[in-house]
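Here's start12.cif, which has mmCIF, C-alpha atoms:
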```
data_my_file
#
loop_
_atom_site.label_atom_id
_atom_site.label_comp_id
_atom_site.auth_asym_id
_atom_site.auth_seq_id
_atom_site.Cartn_x
_atom_site.Cartn_y
_atom_site.Cartn_z
CA ASP A 1 -14.95 -1.64 -24.72
CA VAL A 2 -13.30 -0.55 -21.42
CA CYS A 3 -10.60 2.07 -20.95
CA TYR A 4 -8.72 2.74 -17.72
CA MET A 5 -7.16 6.17 -17.21
CA PRO A 6 -5.29 7.79 -14.29
CA ARG A 7 -7.34 9.96 -11.94
CA VAL A 8 -5.41 10.43 -8.69
CA GLY A 9 -1.73 9.97 -7.90
CA HIS A 10 -0.11 9.44 -4.48
CA CYS A 11 3.62 9.80 -3.92
CA THR A 12 4.41 7.11 -1.34
CA GLY A 13 8.11 6.44 -1.77
CA ASP A 14 9.37 3.00 -2.73
CA MET A 15 7.62 0.87 -0.12
CA GLN A 16 7.82 -2.26 -2.29
CA ILE A 17 4.00 -2.44 -2.27
CA HIS A 18 2.69 -5.91 -3.09
CA GLU A 19 -1.01 -6.85 -3.07
CA MET A 20 -3.79 -4.36 -2.45
CA ALA A 21 -7.59 -4.33 -2.10
CA TRP A 22 -10.45 -1.90 -1.58
CA VAL A 23 -11.79 -2.27 1.97
CA ASP A 24 -14.65 -0.07 3.21
CA GLY A 25 -14.05 2.32 0.32
CA GLU A 26 -10.35 2.75 1.11
CA LEU A 27 -7.32 1.22 -0.57
CA THR A 28 -5.46 -1.15 1.76
CA PHE A 29 -2.09 -2.47 0.63
CA VAL A 30 0.79 -4.64 1.77
CA ASN A 31 3.68 -2.35 2.65
CA THR A 32 6.42 -4.92 2.26
CA LEU A 33 9.34 -2.64 3.09
CA PHE A 34 7.81 -1.69 6.47
CA SER A 35 6.38 -5.19 7.17
CA CYS A 36 2.82 -3.97 7.68
CA LEU A 37 -0.58 -3.38 6.14
CA ALA A 38 -1.25 0.26 5.34
CA GLN A 39 -3.66 2.70 3.70
CA ARG A 40 -3.03 5.70 1.49
CA SER A 41 -3.19 9.21 2.89
CA PRO A 42 -3.49 12.69 1.37
CA GLN A 43 -1.03 13.96 3.99
CA TYR A 44 1.40 11.10 4.75
CA SER A 45 3.31 8.57 2.70
CA PHE A 46 1.11 5.89 4.27
CA VAL A 47 -0.90 5.13 7.39
CA PRO A 48 0.03 1.76 9.00
CA THR A 49 -3.02 -0.25 10.05
CA TRP A 50 -1.63 -3.65 11.15
CA ARG A 51 1.61 -5.58 11.42
CA PRO A 52 2.42 -9.14 12.50
CA PRO A 53 2.83 -9.43 16.29
CA PHE A 54 6.40 -10.71 15.89
CA ILE A 55 7.44 -7.50 14.07
CA THR A 56 8.62 -5.25 16.89
CA ALA A 57 9.22 -1.98 15.04
CA LEU A 58 8.04 0.02 12.03
CA ALA A 59 11.31 0.02 10.11
CA PRO A 60 12.10 0.09 6.34
CA GLU A 61 13.87 -3.28 6.54
CA ASP A 62 11.61 -5.87 4.83
CA ARG A 63 11.86 -8.04 7.93
CA CYS A 64 9.46 -10.85 6.91
CA HIS A 65 8.57 -10.06 3.27
CA LEU A 66 4.87 -9.64 3.92
CA ASN A 67 3.35 -9.92 0.43
CA GLY A 68 -0.23 -11.19 0.00
CA LEU A 69 -3.62 -10.41 1.47
CA ALA A 70 -7.06 -12.01 1.33
CA VAL A 71 -10.37 -10.25 1.95
CA ARG A 72 -13.19 -12.19 3.60
CA ASP A 73 -16.57 -10.69 4.56
CA GLY A 74 -15.37 -7.24 3.54
CA GLN A 75 -12.24 -7.18 5.71
CA VAL A 76 -8.60 -8.19 5.31
CA ARG A 77 -8.58 -11.56 7.02
CA TYR A 78 -5.41 -13.40 5.90
CA VAL A 79 -1.86 -12.51 4.84
CA THR A 80 1.19 -14.39 3.63
CA ALA A 81 4.87 -13.72 4.40
CA LEU A 82 8.11 -15.41 3.43
CA GLY A 83 9.38 -15.65 6.98
CA GLU A 84 8.48 -15.30 10.64
CA THR A 85 11.50 -13.06 11.21
CA ASP A 86 12.15 -9.71 12.90
CA THR A 87 15.49 -8.61 11.48
CA ALA A 88 16.35 -6.74 8.29
CA ASN A 89 15.79 -9.14 5.36
CA GLY A 90 15.74 -11.97 7.90
CA TRP A 91 13.36 -14.04 5.73
CA ARG A 92 16.10 -14.66 3.15
CA ALA A 93 17.95 -17.12 5.41
CA ASN A 94 15.15 -19.72 5.21
CA LYS A 95 13.17 -18.85 2.09
CA ARG A 96 12.95 -22.52 1.02
CA ASP A 97 10.37 -23.44 3.69
CA GLY A 98 10.12 -20.54 6.13
CA GLY A 99 6.91 -19.08 4.68
CA ILE A 100 3.77 -18.54 6.76
CA LEU A 101 0.04 -17.91 6.43
CA MET A 102 -1.47 -15.65 9.11
CA GLU A 103 -4.91 -14.61 10.28
CA VAL A 104 -5.02 -10.82 10.62
CA PRO A 105 -7.62 -10.25 13.37
CA SER A 106 -5.94 -12.62 15.84
CA GLY A 107 -2.36 -12.34 14.61
CA GLU A 108 -2.20 -16.14 14.74
CA VAL A 109 0.07 -18.10 12.39
CA LEU A 110 -2.19 -20.65 10.70
CA LEU A 111 0.45 -22.44 8.62
CA ARG A 112 4.24 -22.69 8.79
CA GLY A 113 6.75 -24.48 6.58
CA LEU A 114 5.51 -23.00 3.29
CA SER A 115 7.85 -22.30 0.38
CA MET A 116 7.53 -18.62 -0.62
CA PRO A 117 3.71 -18.38 -0.34
CA HIS A 118 1.78 -15.66 -2.20
CA SER A 119 -1.73 -14.60 -3.16
CA PRO A 120 -4.06 -15.93 -0.43
CA ARG A 121 -7.71 -15.81 -1.52
CA TRP A 122 -11.02 -16.69 0.10
CA TYR A 123 -13.12 -18.25 -2.65
CA ASP A 124 -16.07 -20.64 -2.76
CA GLY A 125 -15.86 -21.33 0.97
CA LYS A 126 -12.15 -22.20 0.94
CA LEU A 127 -8.90 -20.43 1.72
CA TRP A 128 -6.67 -20.73 -1.34
CA LEU A 129 -3.04 -19.74 -1.76
CA LEU A 130 -0.08 -20.21 -4.07
CA GLU A 131 3.03 -21.93 -2.78
CA SER A 132 5.26 -20.14 -5.25
CA GLY A 133 8.46 -21.91 -4.26
CA THR A 134 6.99 -25.24 -5.36
CA GLY A 135 5.01 -23.85 -8.31
CA THR A 136 1.63 -24.98 -6.98
CA ILE A 137 -1.89 -23.84 -6.18
CA GLY A 138 -3.80 -25.33 -3.28
CA PHE A 139 -6.07 -24.68 -0.33
CA VAL A 140 -5.95 -24.98 3.43
CA ASP A 141 -7.64 -28.22 4.47
CA PRO A 142 -10.10 -27.24 7.23
CA GLU A 143 -9.77 -30.64 8.94
CA THR A 144 -5.99 -30.95 9.04
CA SER A 145 -5.04 -27.24 8.73
CA ALA A 146 -2.52 -28.34 6.11
CA TYR A 147 -1.79 -27.04 2.62
CA GLN A 148 -3.50 -29.32 0.10
CA VAL A 149 -1.98 -29.12 -3.39
CA VAL A 150 -4.50 -29.03 -6.25
CA SER A 151 -2.18 -28.52 -9.21
CA GLU A 152 1.56 -28.32 -9.91
CA LEU A 153 2.51 -25.83 -12.62
CA PRO A 154 5.61 -25.09 -14.75
CA GLY A 155 6.57 -21.76 -13.16
CA PHE A 156 6.76 -19.58 -10.06
CA THR A 157 3.06 -19.18 -9.17
CA ARG A 158 2.11 -15.64 -8.17
CA GLY A 159 -1.19 -13.84 -8.75
CA VAL A 160 -4.56 -15.59 -9.03
CA ASP A 161 -8.22 -14.84 -9.69
CA PHE A 162 -11.27 -17.09 -10.04
CA VAL A 163 -14.43 -17.47 -12.08
CA GLY A 164 -16.66 -20.49 -11.53
CA PRO A 165 -14.44 -23.58 -11.17
CA ILE A 166 -11.53 -21.97 -13.01
CA ALA A 167 -8.47 -20.34 -11.44
CA PHE A 168 -6.35 -18.04 -13.61
CA ILE A 169 -2.81 -18.20 -12.22
CA GLY A 170 0.21 -16.08 -13.04
CA LEU A 171 3.50 -17.89 -13.71
CA SER A 172 6.98 -16.38 -13.72
CA GLN A 173 10.27 -17.73 -15.03
CA VAL A 174 12.40 -16.60 -12.03
CA ARG A 175 16.06 -16.62 -12.87
CA GLU A 176 18.74 -18.33 -10.80
CA THR A 177 19.47 -15.39 -8.51
CA ALA A 178 20.18 -15.24 -4.80
CA THR A 179 16.48 -14.59 -4.17
CA PHE A 180 15.18 -17.61 -6.09
CA SER A 181 17.99 -20.15 -5.76
CA GLY A 182 17.62 -23.16 -3.51
CA ILE A 183 13.82 -23.47 -3.70
CA PRO A 184 11.97 -26.66 -4.73
CA LEU A 185 10.80 -25.15 -8.03
CA THR A 186 14.31 -24.51 -9.33
CA ASP A 187 15.27 -28.01 -8.24
CA ARG A 188 12.30 -29.47 -10.14
CA LEU A 189 12.51 -27.42 -13.34
CA THR A 190 15.56 -26.11 -15.18
CA GLU A 191 13.31 -24.18 -17.60
CA ARG A 192 10.40 -22.26 -16.14
CA THR A 193 7.49 -20.60 -17.94
CA CYS A 194 6.03 -17.10 -17.82
CA GLY A 195 2.33 -16.74 -18.58
CA VAL A 196 -1.19 -17.24 -17.26
CA TRP A 197 -2.55 -20.75 -16.67
CA ALA A 198 -6.23 -21.70 -16.45
CA VAL A 199 -6.78 -24.57 -13.99
CA ASN A 200 -9.97 -26.39 -13.00
CA ILE A 201 -9.80 -26.22 -9.19
CA GLN A 202 -12.19 -29.17 -8.86
CA THR A 203 -9.96 -31.56 -10.80
CA GLY A 204 -6.55 -29.85 -10.91
CA GLU A 205 -6.58 -30.14 -14.71
CA THR A 206 -4.97 -27.44 -16.84
CA ILE A 207 -7.51 -26.36 -19.44
CA GLY A 208 -5.59 -23.59 -21.18
CA TRP A 209 -2.71 -21.14 -20.98
CA VAL A 210 -1.09 -18.06 -22.43
CA LYS A 211 2.71 -18.06 -22.61
CA PHE A 212 5.00 -15.03 -22.79
CA GLU A 213 8.18 -16.09 -24.54
CA ASP A 214 10.00 -12.83 -25.19
CA ALA A 215 10.12 -9.60 -23.16
CA VAL A 216 7.81 -10.55 -20.27
CA GLN A 217 9.47 -12.81 -17.70
CA GLU A 218 7.47 -12.21 -14.52
CA ILE A 219 3.80 -11.91 -13.57
CA PHE A 220 2.83 -10.52 -10.18
CA ALA A 221 -0.96 -10.01 -10.22
CA VAL A 222 -3.87 -11.50 -12.14
CA ALA A 223 -7.32 -9.85 -12.08
CA LEU A 224 -10.41 -10.71 -14.09
CA LEU A 225 -12.35 -7.82 -15.65
CA PRO A 226 -16.04 -8.81 -15.79
CA ARG A 227 -17.87 -8.05 -19.04
CA ALA A 228 -14.74 -6.63 -20.67
CA HIS A 229 -13.53 -8.25 -23.90
CA TYR A 230 -11.09 -5.64 -25.20
CA PRO A 231 -9.83 -3.43 -22.34
CA ASP A 232 -7.25 -0.70 -22.77
CA LEU A 233 -4.98 1.19 -20.40
CA VAL A 234 -3.92 4.78 -21.06
CA ASN A 235 -1.15 5.83 -18.71
CA HIS A 236 1.64 7.76 -20.45
CA ASP A 237 0.09 9.08 -23.68
CA VAL A 238 0.13 12.79 -22.80
CA GLU A 239 -1.71 13.95 -25.93
CA LEU A 240 -4.50 11.39 -25.53
CA LEU A 241 -4.88 12.13 -21.81
CA ALA A 242 -5.04 15.87 -22.48
CA GLY A 243 -8.02 15.44 -24.80
CA SER A 244 -9.93 12.78 -22.85
CA PHE A 245 -12.59 13.55 -20.26
CA VAL A 246 -14.59 11.33 -17.91
CA LEU A 247 -17.84 12.75 -16.52
CA PRO A 248 -20.67 11.55 -14.25
CA ASP A 249 -23.68 10.15 -16.08
CA GLU A 250 -25.84 13.15 -15.18
CA ALA A 251 -23.24 15.49 -16.67
CA LEU A 252 -22.88 13.37 -19.81
CA ASP A 253 -26.59 13.92 -20.50
CA GLN A 254 -25.73 17.59 -21.05
CA VAL A 255 -22.99 16.87 -23.61
CA PRO A 256 -24.05 16.92 -27.29
CA GLU A 257 -24.54 13.50 -28.86
CA SER A 258 -21.82 14.16 -31.43
CA TYR A 259 -19.22 14.26 -28.63
CA ARG A 260 -20.56 11.23 -26.77
CA ASN A 261 -21.02 8.95 -29.79
CA PRO A 262 -17.76 8.17 -31.61
CA ASP A 263 -19.75 7.10 -34.70
CA ALA A 264 -21.42 10.49 -35.02
CA GLU A 265 -19.85 13.34 -36.96
CA SER A 266 -17.97 15.39 -34.38
CA PRO A 267 -17.92 19.21 -34.51
CA GLY A 268 -14.68 19.33 -32.50
CA ALA A 269 -11.35 17.74 -33.32
CA GLY A 270 -9.95 15.38 -30.71
CA ALA A 271 -13.21 14.89 -28.79
CA GLN A 272 -13.28 11.60 -26.90
#
```
Take the structure from the file and write it as structure tokens.
Amino acid sequence: DVCYMPRVGHCTGDMQIHEMAWVDGELTFVNTLFSCLAQRSPQYSFVPTWRPPFITALAPEDRCHLNGLAVRDGQVRYVTALGETDTANGWRANKRDGGILMEVPSGEVLLRGLSMPHSPRWYDGKLWLLESGTGTIGFVDPETSAYQVVSELPGFTRGVDFVGPIAFIGLSQVRETATFSGIPLTDRLTERTCGVWAVNIQTGETIGWVKFEDAVQEIFAVALLPRAHYPDLVNHDVELLAGSFVLPDEALDQVPESYRNPDAESPGAGAQ
């Protein structure tokens, strides 16, 4: 009932882009390699728009592993990073509890001591985030300015979206590599799960899940598609893309019904 197809491509180079969001009609993304927020450009690889005050240069060195962003009142308001460091890959030295949550407008660090935080979100009047290194979801307590755990899950938490009282959270297995060794999650669980968990954020109760037990081992992003029950993504099917056309509603009114209605007898082969 919904089909997503490519429309515009931008060649950016491998900037290790993490989270992104539409802000004022423009795509803003976390440029992890250059430790900044950035926007796309028809002329340049990217246009930097903000970087943490402790990052002293625009260098392709992944200095703090900036990764997540949260939009509040139509603007990027919060970001997460794995370290408050200003050297190439400096965050790796203290990934166990060197993570931070920052406020973008002020550049202030709101929380320190987090274990590999990801996916900050402003939802239902609260600032939520995932402390991936502990495998949890929680929120920032407005009274204590501390991270309040709501639920502990059986995987590396990364990627979240909400509907009503339910959070849909991505879980990854994360293998014992240099990047993921020595964090609380790998100490707690020898076997970790990949999938999507549904958690009641009012009670912390898990109400359902989908597990991936074969080829898929990591989830990065989770996004709900309103009013879509059977979505499809067409990305690399050259023949299908060549014969598929998306038009404005006013232009569709000029297309014969037989082409617009898949149940009608079509006068042309391959019409979509």
Can you give me, as a JSON list (two decimals) with C-alpha atoms, in the frame of the given file, the residues this file yields under the PyMOL selection byres ((chain A and resi 179) around 12)?
```
[["chain", "number", "residue", "atom", "x", "y", "z"],
["A", 65, "HIS", "CA", 8.57, -10.06, 3.27],
["A", 82, "LEU", "CA", 8.11, -15.41, 3.43],
["A", 89, "ASN", "CA", 15.79, -9.14, 5.36],
["A", 91, "TRP", "CA", 13.36, -14.04, 5.73],
["A", 92, "ARG", "CA", 16.10, -14.66, 3.15],
["A", 93, "ALA", "CA", 17.95, -17.12, 5.41],
["A", 94, "ASN", "CA", 15.15, -19.72, 5.21],
["A", 95, "LYS", "CA", 13.17, -18.85, 2.09],
["A", 96, "ARG", "CA", 12.95, -22.52, 1.02],
["A", 116, "MET", "CA", 7.53, -18.62, -0.62],
["A", 133, "GLY", "CA", 8.46, -21.91, -4.26],
["A", 174, "VAL", "CA", 12.40, -16.60, -12.03],
["A", 175, "ARG", "CA", 16.06, -16.62, -12.87],
["A", 176, "GLU", "CA", 18.74, -18.33, -10.80],
["A", 177, "THR", "CA", 19.47, -15.39, -8.51],
["A", 178, "ALA", "CA", 20.18, -15.24, -4.80],
["A", 180, "PHE", "CA", 15.18, -17.61, -6.09],
["A", 181, "SER", "CA", 17.99, -20.15, -5.76],
["A", 182, "GLY", "CA", 17.62, -23.16, -3.51],
["A", 183, "ILE", "CA", 13.82, -23.47, -3.70],
["A", 186, "THR", "CA", 14.31, -24.51, -9.33]]
```
Using all atoms listed in the file, determine which residues lie at most 9 Å from A:Tyr147, disregarding the query and same-chain residues fewer than 4 positions distant; provide the list as a PyMOL selection string. chain A and resi 111+114+128-129+131+138-141
What does the structure give for the distance between atom CA of A:Trp122 and atom CA of A:Arg77, in Å to one decimal?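 Taking atom CA of A:Trp122 and atom CA of A:Arg77, their separation equals 9.0 Å.
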Nearest-residue call for A:Pro6, choices A:Leu241, A:Val255, A:Val216, A:Val76, using all atoms listed in the file: A:Leu241
For the atom pair atom CA of A:Gly204 and atom CA of A:His118, what is the interatomic distance in Å to one decimal place?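 Taking atom CA of A:Gly204 as the start and atom CA of A:His118 as the end point, the length is 18.6 Å.
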From the list A:Phe168, A:Tyr78, A:Phe34, A:Tyr123, which residue is nearest A:Trp209 when using only C-alpha atoms? A:Phe168
Between atom CA of A:Ser41 and atom CA of A:Asp86, distance in Å (one decimal):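 According to the coordinates, atom CA of A:Ser41 and atom CA of A:Asp86 are separated by 26.3 Å.
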Top pick for closest residue to A:Pro120, considering A:Thr193, A:Val47, A:Ser35, A:Glu19 and counting all atoms listed in the file: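 Checking each of A:Thr193, A:Val47, A:Ser35, A:Glu19 against A:Pro120, counting all atoms listed in the file, the winner is A:Glu19.
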Considering all atoms listed in the file, can you say which of A:Ile219, A:Val199, A:Ala70, A:Leu233 comes closest to A:Ile166? A:Val199
Got a sec to check which residues sit within 7 Å of (-1.6, 1.1, -2.1), counting only C-alpha atoms, and write them as a ChimeraX atom specification? /A:17,20,27-29,39-40
Tell me which of A:Asn261, A:Thr203, A:Ser172, A:Thr134 sits closest to A:Asp187, counting only C-alpha atoms. A:Thr134
Please expand the PyMOL selection byres ((chain A and resi 50) around 8) into the concrete residues it hits in this file, giving the result as a short mmCIF file (atom, residue, chain, number, x, y, z; two decimals) with C-alpha atoms, in the frame of the given file.
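Below is the file that was written, out10.cif:
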```cif
data_model
loop_
_atom_site.label_atom_id
_atom_site.label_comp_id
_atom_site.auth_asym_id
_atom_site.auth_seq_id
_atom_site.Cartn_x
_atom_site.Cartn_y
_atom_site.Cartn_z
CA CYS A 36 2.82 -3.97 7.68
CA LEU A 37 -0.58 -3.38 6.14
CA ALA A 38 -1.25 0.26 5.34
CA PRO A 48 0.03 1.76 9.00
CA THR A 49 -3.02 -0.25 10.05
CA ARG A 51 1.61 -5.58 11.42
CA PRO A 52 2.42 -9.14 12.50
CA VAL A 104 -5.02 -10.82 10.62
#
```
